[in-house]
Structure formats: structure tokens, C-alpha cells
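Working notes, structure below.
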There are 2 protein chains.
Amino acid sequence: MKSYNVGILGATGAVGREMLKVLEERKFPVNELRLLASQRSVGKTLTFNGKEVKVVLAEKDAFKGLDIVLGAASNPVAIEFKDDIVASGAVFIDNSSAFRGDEDVPLVVPEINPEDIFKNKGVISNPNCSTIITLVAVNAINKLSKIEAMNACTYQATSGAGINGPIELRNQEKALLEGGKIESSVFQYQIAENVIPQIGNFLDNGYTKEEMKMQNEGRKIMHLPELKVTCTCVRVPVVRSHSIAVTVYTENKLDLNDVKNAIANEKGCRLYDDPEKLLYPMPLVTSDQDIVFVGRIRRDLVTDKGITLWCSGDQVRKGAATNAVQIALKLVGLEC
Amino acid sequence: MKSYNVGILGATGAVGREMLKVLEERKFPVNELRLLASQRSVGKTLTFNGKEVKVVLAEKDAFKGLDIVLGAASNPVAIEFKDDIVASGAVFIDNSSAFRGDEDVPLVVPEINPEDIFKNKGVISNPNCSTIITLVAVNAINKLSKIEAMNACTYQATSGAGINGPIELRNQEKALLEGGKIESSVFQYQIAENVIPQIGNFLDNGYTKEEMKMQNEGRKIMHLPELKVTCTCVRVPVVRSHSIAVTVYTENKLDLNDVKNAIANEKGCRLYDDPEKLLYPMPLVTSDQDIVFVGRIRRDLVTDKGITLWCSGDQVRKGAATNAVQIALKLVGLEC
């Protein structure tokens, strides 16, 4: 089997480490693995397939000879190295939001628009985490009847803010229990025993950048240029897995059982919907997995063309690392 | 000034204790205060206006001579004693959900439908906590243009499940930090570092009882018999204050500044909406207060007659105890 030279840019962060794990789990055919990071991580080692791999400096010439670079770095870092990566001949599968809106950059959820992968001109963007989880959950509905609009409210885990999010949560919990001082640096305010209705900066229309991603990225991924989405993104004191309450408004009225069957048969989804047995998706159940759990499926009570549901998925995995590795697998012609 | 004999049924619970506090703060003209509870609380003492008051047994004849009974007990207890309370000549202002749907029982939020108080036939119901907080937040909008429908997602605090909710949360946080065993008895599942999309039992339509209250009680309180509400109620690991993300669909298109001004001038509301200064309602900010904070006000992106906002309020106070005491104040002709 052909094998590939794979780089991870931002290898030591939460998403970078998870990418390494997923490459291993999915048995991605890796020839050389190159872990790239900023100066302060150079010299650290990470383990891949039982071998220690040293982290090297991400710099202009560091991408030579690579076939694929998985990007797990911030927007400025992704922007800094994009041209170098493309010039080196590698395909850059980038988890930052820097290029998601670019016309010549495919934005891909492999369960939804795998064909877009092959339209790339050197860069493929990995979508926003809440957007991936929500769209995987509603994609089956879109196949039954075109989705015209959505109203979504998120319950986003602290690990969405990177490796230090859950550490801050735990430190604050400790302080609350023991009477210590609450310190906040990752989040705008105390997140322990609180919820914060702001993720990302505010735009002129009163929405945050994070909230607009559900509409902007949703349109591009689902090829629904007219899709309208109202979204409220909220950080909650959870370690891992984002949950989303979403009402989907479709072109035609749907039968609820058809919707449940379609979700049960959708790739990447697990129908987890048995109120009598108290089964519904929760972070507790969905963390450290690649599947989006979907439950609480019921008719919208406002319009007869609405379906309301609740989904939850691990945003570090399916919302980021797993989705990127799946794109890489598809790109080299393997099953994902 | 005339003073009144006031009873609290279920005085030792979370809401009962808060009612005592609010009666004191609001200087309710109390002549006799009678604290009523079940056998296991008899003999306990609570402090009111600096004096110790003994808890007595709630039984058939225990309500004689009272003018007002504030109900802070469960549905079965409220049902058991309702007729005795009414027969004693007292008005029963009940926080349980037992009588909220009854035709001859007014359901009152004093900022919204104070006139209904005087239609009582011995019983006045206090609405559901999330419903009170949401309706206080959107009432100003309803005055600008009739609200036809709402889509609401809640972020409900553990104290909504009673005095043991926050204790369970803290015990679980301790177990997570120290590696102990997680025990759940108040909630269906672990609530620490998790969110649970179930509050109350499930109905045949897939909604929970709690979720249907927003529509059923909303219709009655706002005198909007056609109001349609889709609601998802979610428990979050917060001690106090419920938060709600709500999109309101009105008959006419509204100007966003008119909405903000109306909310700023609405009784019981505080406009708390300055994204540039990162000001938005949060449990951290709104706990132990009687005011509902409203922020994140913006246009719905799905319809041009929708307004989306985020509100937060202390559900033990405005969502329960304060609202009941406000009803009592109005009932005896005082300002609330």
C-alpha cells in the first residue's frame, strides 16, 4: 500500500494531539510523520505507533517533502504557513477558520460533501466544530426535504477553547469547593457553575463570529446557498463534547418516523432517542467517540414543517481531529 | 397599617426559605407567621425578622385563622391541603404546578397580568420558573407587537430541583476532582461537567412536561390563547439562576432599538446588553436578585419578524419565591 509523508502543524495542542491519535487508530498509511510547532514546543516528543517523535520548528522550509499537512494551529499561524505548505506540494487540511470562506477552498464534512475534497487547489478547510456536529445530525433530514432554515442553541464544552479550557474549569471548581480565588484567563468570566453566552468576537449584527459560522459554513458544506440560521452559542462547564438543540425547517412536511429512520441510517450518526428509557445524547455519553448522537426528535410546535432535535458529539474528535483525518483518508482514496 | 396572618406550606425547602427571606425584605405586613411542613421538619426553627419561629405540622386544621398561605410544597402536598386552606378562608398562592391549568385559578406574573389576581376563588398559581423568567424578558416585546410564537432553549440551574440539587452538584464536582465515586439521586445522570436534556417526565409528543409549560402557561399568563412555543429544557451544572435563549416571532416587524428601549423600561427587567463591554446576562451576575437580566438582543436571521435574545434570572427568587410574595403584596393592595 502506498504511504504518505504527513505533517501536523500545531501538533502539541488539544486538536494536534488528537489528530495523532486518530491517524494511529484509523491506520492512516504514514511513511514519515513530522510534528511541527512553535519554538516553545520544539524538542518535546509525542508518541506515534509506539515510537517517540520529536517536535520540530514550524518554519518556511519545514514542509518540504510532505504530502499532507494537517493544520491544528491558530488562524495567524495557518495564514503564515499556507503558501509555504502549498508551494511544497502538500495538501493543507486546515482546522483553523482562516480559509473556510475562500472560494477556491473546499469546506468538507466527509459524510456530507466528500466530492468537494477533489476540487482543492492545495487547501481544504475543516469546518467549525459545532457546525460539523449539527450538520452531521441534520444531513439525513436534508436528504428527505431541503432544509431552508435552522434555529440552533449550543452547549459548548470548555475543551473547545483548547487544552487550557478544561484546566481552567477544574481549577475554578477546586477554588469553589475549597474557598480559593477564582482566576479566569481562557474564558471571559468564571465558567465553573456558570454559562457564558459568548464564543468568539461580536459582529455588527449582534451575533458572534462563532454563531455566524453555522449559517456561513452550513451554506457552503450543504450546498444550500439560501440557508438561514439563527444561532446562539453558549459555553457551559463541560470538559468535552458540544451539544446542540436545533430546530430544522424543511421545504416539505416530514413524517417523524421517516426522520428517525433516516438518522438511524445516516453515516456518522447514531440515533439515540428512547425517552422511555431516558436515553438521549449527553456529553457524558458521547465523549471520546467519532459518532454524533441524535435524540429528542420531535415535531416543532411553531410550524408544521419543523423538526426539533438534540445532538451531542465530541468536538475535539468529530468536530476537529477526526474530521480532518477523514478528509485525508478520502483524499488518498481510502475509506473513512 | 393592616397586617396579615401568613402561612408558608413547605417552609423548610429551598423555595420556602426564600419566601421567608423575601417577606422580610419586602416588609410584608405580617401579623402571625405560621411555618408549615411535614412531620420530619416539625420542631425545626427558622428566623424571621430576628425572631425564631418553630415549624409546625401541616395538617387539615393547621390553616385556621390564616389570611394567606404561600405554597412551596410538591404537587401532592398542594393537592392534599388545597381544600382545607380555601375552607379556612385563606388565599392559597401556590408554587406547585397542580392547579396552574385550572380554569378558575389565575396564573400570575405581577409584571404581566396583575389584574388576574382579583379573579381568584381562593387559589392563585405561581407559574413555572423558566416561564416566569422568559415572559418577564419578552413582555415588553409583546406590548410592541403581539407575540405569535417562540423558540426557547433553557440552561437551568440545579437549584431548580430543590435544595438537594446544588448539594449533588458539589458532591459530584468533589468526586471528579478527587477521584471518588459519582452518585446521582436528584438528577437522572451525573450533572457535574455534563448537561441533561430532560427536566420533568416525557409526554406522548416527545416534549417534557417542563417544556410544554412555556406554551401552556405562557398562553394563560399573557392572554395569548394561540401562542405557539417550541421549547427544549436542559439542566446545566449551575447552582442558581436559569438562563434562556429565546427567539420571539411577532405579528409585525419591529425596530431593534424600539425593542431595547421597551425592555429597558419594562418593570422587573434590566437591559444588560453591551457586547463591546462584554456585558450580557449570566447566572454569575443575576443570582440572588429579583430582576430578569436581558441581553444579546438581535434580529432573528430566519424571519424578518423575529427577535432573538438571551435572559437570565434567579429562579428561586423571581422564578418562585419573589413572584409569590409579589402576588401577595398586590392581593392586599400594596406595591410590588
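Each chain in the C-alpha cells gets a letter, A, B and so on, in the order shown; residues start at 1 in every chain, and ligands are counted from 1 in the order they appear.
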Interface, chain B side, toward chain A (7 Å; only C-alpha atoms) as number ranges by chain:
B: 149, 153, 173, 193-196, 202, 205-206, 228-230, 237-239, 275, 282-284, 296, 298, 300-302
Could you pull out the strand (DSSP E) residues of stretch 64-280 of chain B from DSSP and send them as a VMD selection string?
chain B and resid 68 to 71 91 to 94 123 to 125 147 to 155 228 to 232 242 to 250 269 to 271
Could you save the residues just selected, with N, CA and C atoms, as an mmCIF file, in the first residue's frame?
```cif
data_model
loop_
_atom_site.group_PDB
_atom_site.id
_atom_site.type_symbol
_atom_site.label_atom_id
_atom_site.label_comp_id
_atom_site.auth_asym_id
_atom_site.auth_seq_id
_atom_site.Cartn_x
_atom_site.Cartn_y
_atom_site.Cartn_z
ATOM 1 N N ILE B 68 -53.371 34.366 54.242
ATOM 2 C CA ILE B 68 -52.653 33.981 53.014
ATOM 3 C C ILE B 68 -51.787 32.775 53.315
ATOM 4 N N VAL B 69 -51.818 31.778 52.439
ATOM 5 C CA VAL B 69 -50.867 30.670 52.539
ATOM 6 C C VAL B 69 -50.013 30.660 51.269
ATOM 7 N N LEU B 70 -48.716 30.795 51.462
ATOM 8 C CA LEU B 70 -47.784 30.678 50.334
ATOM 9 C C LEU B 70 -47.389 29.207 50.220
ATOM 10 N N GLY B 71 -47.612 28.624 49.055
ATOM 11 C CA GLY B 71 -47.323 27.202 48.868
ATOM 12 C C GLY B 71 -45.955 26.976 48.254
ATOM 13 N N VAL B 91 -56.272 32.792 51.196
ATOM 14 C CA VAL B 91 -55.970 32.653 49.773
ATOM 15 C C VAL B 91 -54.668 31.865 49.656
ATOM 16 N N PHE B 92 -54.711 30.842 48.813
ATOM 17 C CA PHE B 92 -53.572 29.948 48.633
ATOM 18 C C PHE B 92 -52.798 30.391 47.391
ATOM 19 N N ILE B 93 -51.601 30.951 47.597
ATOM 20 C CA ILE B 93 -50.740 31.346 46.471
ATOM 21 C C ILE B 93 -49.714 30.230 46.314
ATOM 22 N N ASP B 94 -49.953 29.386 45.326
ATOM 23 C CA ASP B 94 -49.278 28.088 45.289
ATOM 24 C C ASP B 94 -48.222 28.014 44.201
ATOM 25 N N VAL B 123 -57.597 30.279 45.200
ATOM 26 C CA VAL B 123 -56.277 29.765 44.805
ATOM 27 C C VAL B 123 -55.711 30.625 43.667
ATOM 28 N N ILE B 124 -54.442 30.994 43.800
ATOM 29 C CA ILE B 124 -53.701 31.660 42.726
ATOM 30 C C ILE B 124 -52.444 30.835 42.494
ATOM 31 N N SER B 125 -52.162 30.512 41.249
ATOM 32 C CA SER B 125 -50.952 29.730 40.985
ATOM 33 C C SER B 125 -49.792 30.617 40.564
ATOM 34 N N ILE B 147 -46.917 38.764 20.315
ATOM 35 C CA ILE B 147 -46.047 37.602 20.105
ATOM 36 C C ILE B 147 -46.904 36.445 19.607
ATOM 37 N N GLU B 148 -46.520 35.894 18.458
ATOM 38 C CA GLU B 148 -47.270 34.765 17.894
ATOM 39 C C GLU B 148 -46.639 33.427 18.243
ATOM 40 N N ALA B 149 -45.334 33.419 18.382
ATOM 41 C CA ALA B 149 -44.642 32.155 18.659
ATOM 42 C C ALA B 149 -43.276 32.416 19.272
ATOM 43 N N MET B 150 -42.717 31.370 19.876
ATOM 44 C CA MET B 150 -41.372 31.470 20.443
ATOM 45 C C MET B 150 -40.643 30.139 20.245
ATOM 46 N N ASN B 151 -39.332 30.225 20.132
ATOM 47 C CA ASN B 151 -38.478 29.046 20.169
ATOM 48 C C ASN B 151 -37.497 29.292 21.312
ATOM 49 N N ALA B 152 -37.564 28.454 22.351
ATOM 50 C CA ALA B 152 -36.765 28.700 23.557
ATOM 51 C C ALA B 152 -35.919 27.485 23.913
ATOM 52 N N CYS B 153 -34.676 27.741 24.312
ATOM 53 C CA CYS B 153 -33.804 26.694 24.843
ATOM 54 C C CYS B 153 -33.321 27.155 26.208
ATOM 55 N N THR B 154 -33.488 26.300 27.207
ATOM 56 C CA THR B 154 -33.140 26.722 28.565
ATOM 57 C C THR B 154 -31.810 26.135 29.017
ATOM 58 N N TYR B 155 -31.222 26.829 29.969
ATOM 59 C CA TYR B 155 -29.984 26.420 30.633
ATOM 60 C C TYR B 155 -30.320 26.532 32.124
ATOM 61 N N LYS B 228 -47.732 29.831 20.191
ATOM 62 C CA LYS B 228 -47.073 28.549 19.911
ATOM 63 C C LYS B 228 -45.627 28.607 20.405
ATOM 64 N N VAL B 229 -45.240 27.615 21.173
ATOM 65 C CA VAL B 229 -43.878 27.621 21.715
ATOM 66 C C VAL B 229 -43.207 26.259 21.545
ATOM 67 N N THR B 230 -42.065 26.259 20.915
ATOM 68 C CA THR B 230 -41.193 25.082 20.886
ATOM 69 C C THR B 230 -40.096 25.316 21.908
ATOM 70 N N CYS B 231 -39.949 24.370 22.816
ATOM 71 C CA CYS B 231 -39.016 24.580 23.922
ATOM 72 C C CYS B 231 -38.161 23.336 24.147
ATOM 73 N N THR B 232 -36.893 23.543 24.457
ATOM 74 C CA THR B 232 -36.007 22.453 24.893
ATOM 75 C C THR B 232 -35.455 22.844 26.256
ATOM 76 N N HIS B 242 -31.625 30.464 36.190
ATOM 77 C CA HIS B 242 -31.889 29.858 34.895
ATOM 78 C C HIS B 242 -31.584 30.894 33.807
ATOM 79 N N SER B 243 -31.059 30.414 32.682
ATOM 80 C CA SER B 243 -30.848 31.272 31.519
ATOM 81 C C SER B 243 -31.648 30.687 30.365
ATOM 82 N N ILE B 244 -32.110 31.559 29.474
ATOM 83 C CA ILE B 244 -32.921 31.086 28.352
ATOM 84 C C ILE B 244 -32.527 31.844 27.082
ATOM 85 N N ALA B 245 -32.241 31.087 26.029
ATOM 86 C CA ALA B 245 -32.049 31.666 24.690
ATOM 87 C C ALA B 245 -33.404 31.566 24.006
ATOM 88 N N VAL B 246 -33.958 32.702 23.595
ATOM 89 C CA VAL B 246 -35.309 32.671 23.036
ATOM 90 C C VAL B 246 -35.419 33.529 21.775
ATOM 91 N N THR B 247 -36.063 32.972 20.773
ATOM 92 C CA THR B 247 -36.413 33.748 19.584
ATOM 93 C C THR B 247 -37.917 33.980 19.624
ATOM 94 N N VAL B 248 -38.299 35.247 19.519
ATOM 95 C CA VAL B 248 -39.695 35.659 19.610
ATOM 96 C C VAL B 248 -40.170 36.074 18.222
ATOM 97 N N TYR B 249 -41.276 35.508 17.777
ATOM 98 C CA TYR B 249 -41.831 35.849 16.461
ATOM 99 C C TYR B 249 -43.077 36.702 16.677
ATOM 100 N N THR B 250 -43.039 37.940 16.192
ATOM 101 C CA THR B 250 -44.134 38.876 16.440
ATOM 102 C C THR B 250 -44.990 39.078 15.189
ATOM 103 N N CYS B 269 -37.385 44.037 34.626
ATOM 104 C CA CYS B 269 -36.343 43.730 33.641
ATOM 105 C C CYS B 269 -35.154 44.658 33.799
ATOM 106 N N ARG B 270 -33.994 44.159 33.476
ATOM 107 C CA ARG B 270 -32.854 45.050 33.322
ATOM 108 C C ARG B 270 -32.210 44.787 31.975
ATOM 109 N N LEU B 271 -32.135 45.827 31.148
ATOM 110 C CA LEU B 271 -31.425 45.704 29.871
ATOM 111 C C LEU B 271 -29.943 45.605 30.196
#
```
Contacts of B:Val53 at 8 Å or less, counting only C-alpha atoms, minus same-chain residues fewer than 4 places along, as a compact mmCIF listing (two decimals) with C-alpha atoms, in the first residue's frame?
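Below you can see out.txt, which holds the result:
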```txt
# COMPACT_ATOMS: atom_id res chain seq x y z
CA LEU B 33 -46.25 33.84 60.64
CA ARG B 34 -47.00 30.13 60.56
CA LEU B 35 -44.37 27.77 59.13
CA THR B 45 -36.86 26.72 63.73
CA LEU B 46 -36.36 29.38 61.07
CA THR B 47 -35.59 33.04 61.69
CA PHE B 48 -38.00 35.79 60.61
```
Using DSSP secondary structure from the backbone, list all alpha helix (DSSP H) positions within stretch 208-244 of chain A, as a PyMOL selection string.
chain A and resi 209-222
Written selection (N, CA and C atoms) as a PDB file, in the first residue's frame:
```pdb
ATOM      1  N   LYS A 209     -18.916  35.746  15.912  1.00  0.00           N
ATOM      2  CA  LYS A 209     -18.339  35.044  14.756  1.00  0.00           C
ATOM      3  C   LYS A 209     -18.722  33.575  14.791  1.00  0.00           C
ATOM      4  N   GLU A 210     -18.616  32.980  15.977  1.00  0.00           N
ATOM      5  CA  GLU A 210     -18.937  31.554  16.145  1.00  0.00           C
ATOM      6  C   GLU A 210     -20.386  31.278  15.729  1.00  0.00           C
ATOM      7  N   GLU A 211     -21.299  32.167  16.101  1.00  0.00           N
ATOM      8  CA  GLU A 211     -22.719  31.960  15.787  1.00  0.00           C
ATOM      9  C   GLU A 211     -22.980  32.026  14.279  1.00  0.00           C
ATOM     10  N   MET A 212     -22.250  32.910  13.589  1.00  0.00           N
ATOM     11  CA  MET A 212     -22.471  33.062  12.147  1.00  0.00           C
ATOM     12  C   MET A 212     -21.887  31.904  11.341  1.00  0.00           C
ATOM     13  N   LYS A 213     -20.975  31.144  11.961  1.00  0.00           N
ATOM     14  CA  LYS A 213     -20.368  30.016  11.238  1.00  0.00           C
ATOM     15  C   LYS A 213     -21.407  28.974  10.863  1.00  0.00           C
ATOM     16  N   MET A 214     -22.387  28.798  11.753  1.00  0.00           N
ATOM     17  CA  MET A 214     -23.410  27.773  11.485  1.00  0.00           C
ATOM     18  C   MET A 214     -24.129  28.084  10.169  1.00  0.00           C
ATOM     19  N   GLN A 215     -24.396  29.352   9.906  1.00  0.00           N
ATOM     20  CA  GLN A 215     -25.047  29.721   8.636  1.00  0.00           C
ATOM     21  C   GLN A 215     -24.034  29.748   7.483  1.00  0.00           C
ATOM     22  N   ASN A 216     -22.931  30.471   7.690  1.00  0.00           N
ATOM     23  CA  ASN A 216     -21.982  30.672   6.583  1.00  0.00           C
ATOM     24  C   ASN A 216     -21.351  29.349   6.137  1.00  0.00           C
ATOM     25  N   GLU A 217     -20.905  28.564   7.105  1.00  0.00           N
ATOM     26  CA  GLU A 217     -20.269  27.293   6.754  1.00  0.00           C
ATOM     27  C   GLU A 217     -21.323  26.263   6.345  1.00  0.00           C
ATOM     28  N   GLY A 218     -22.485  26.321   6.995  1.00  0.00           N
ATOM     29  CA  GLY A 218     -23.571  25.407   6.641  1.00  0.00           C
ATOM     30  C   GLY A 218     -23.970  25.549   5.180  1.00  0.00           C
ATOM     31  N   ARG A 219     -24.079  26.785   4.696  1.00  0.00           N
ATOM     32  CA  ARG A 219     -24.420  27.040   3.281  1.00  0.00           C
ATOM     33  C   ARG A 219     -23.431  26.369   2.343  1.00  0.00           C
ATOM     34  N   LYS A 220     -22.140  26.522   2.663  1.00  0.00           N
ATOM     35  CA  LYS A 220     -21.084  26.030   1.770  1.00  0.00           C
ATOM     36  C   LYS A 220     -21.003  24.501   1.799  1.00  0.00           C
ATOM     37  N   ILE A 221     -21.057  23.926   3.000  1.00  0.00           N
ATOM     38  CA  ILE A 221     -20.912  22.467   3.134  1.00  0.00           C
ATOM     39  C   ILE A 221     -22.105  21.748   2.516  1.00  0.00           C
ATOM     40  N   MET A 222     -23.301  22.236   2.793  1.00  0.00           N
ATOM     41  CA  MET A 222     -24.508  21.545   2.337  1.00  0.00           C
ATOM     42  C   MET A 222     -24.938  21.984   0.937  1.00  0.00           C
TER      43      MET A 222
END
```
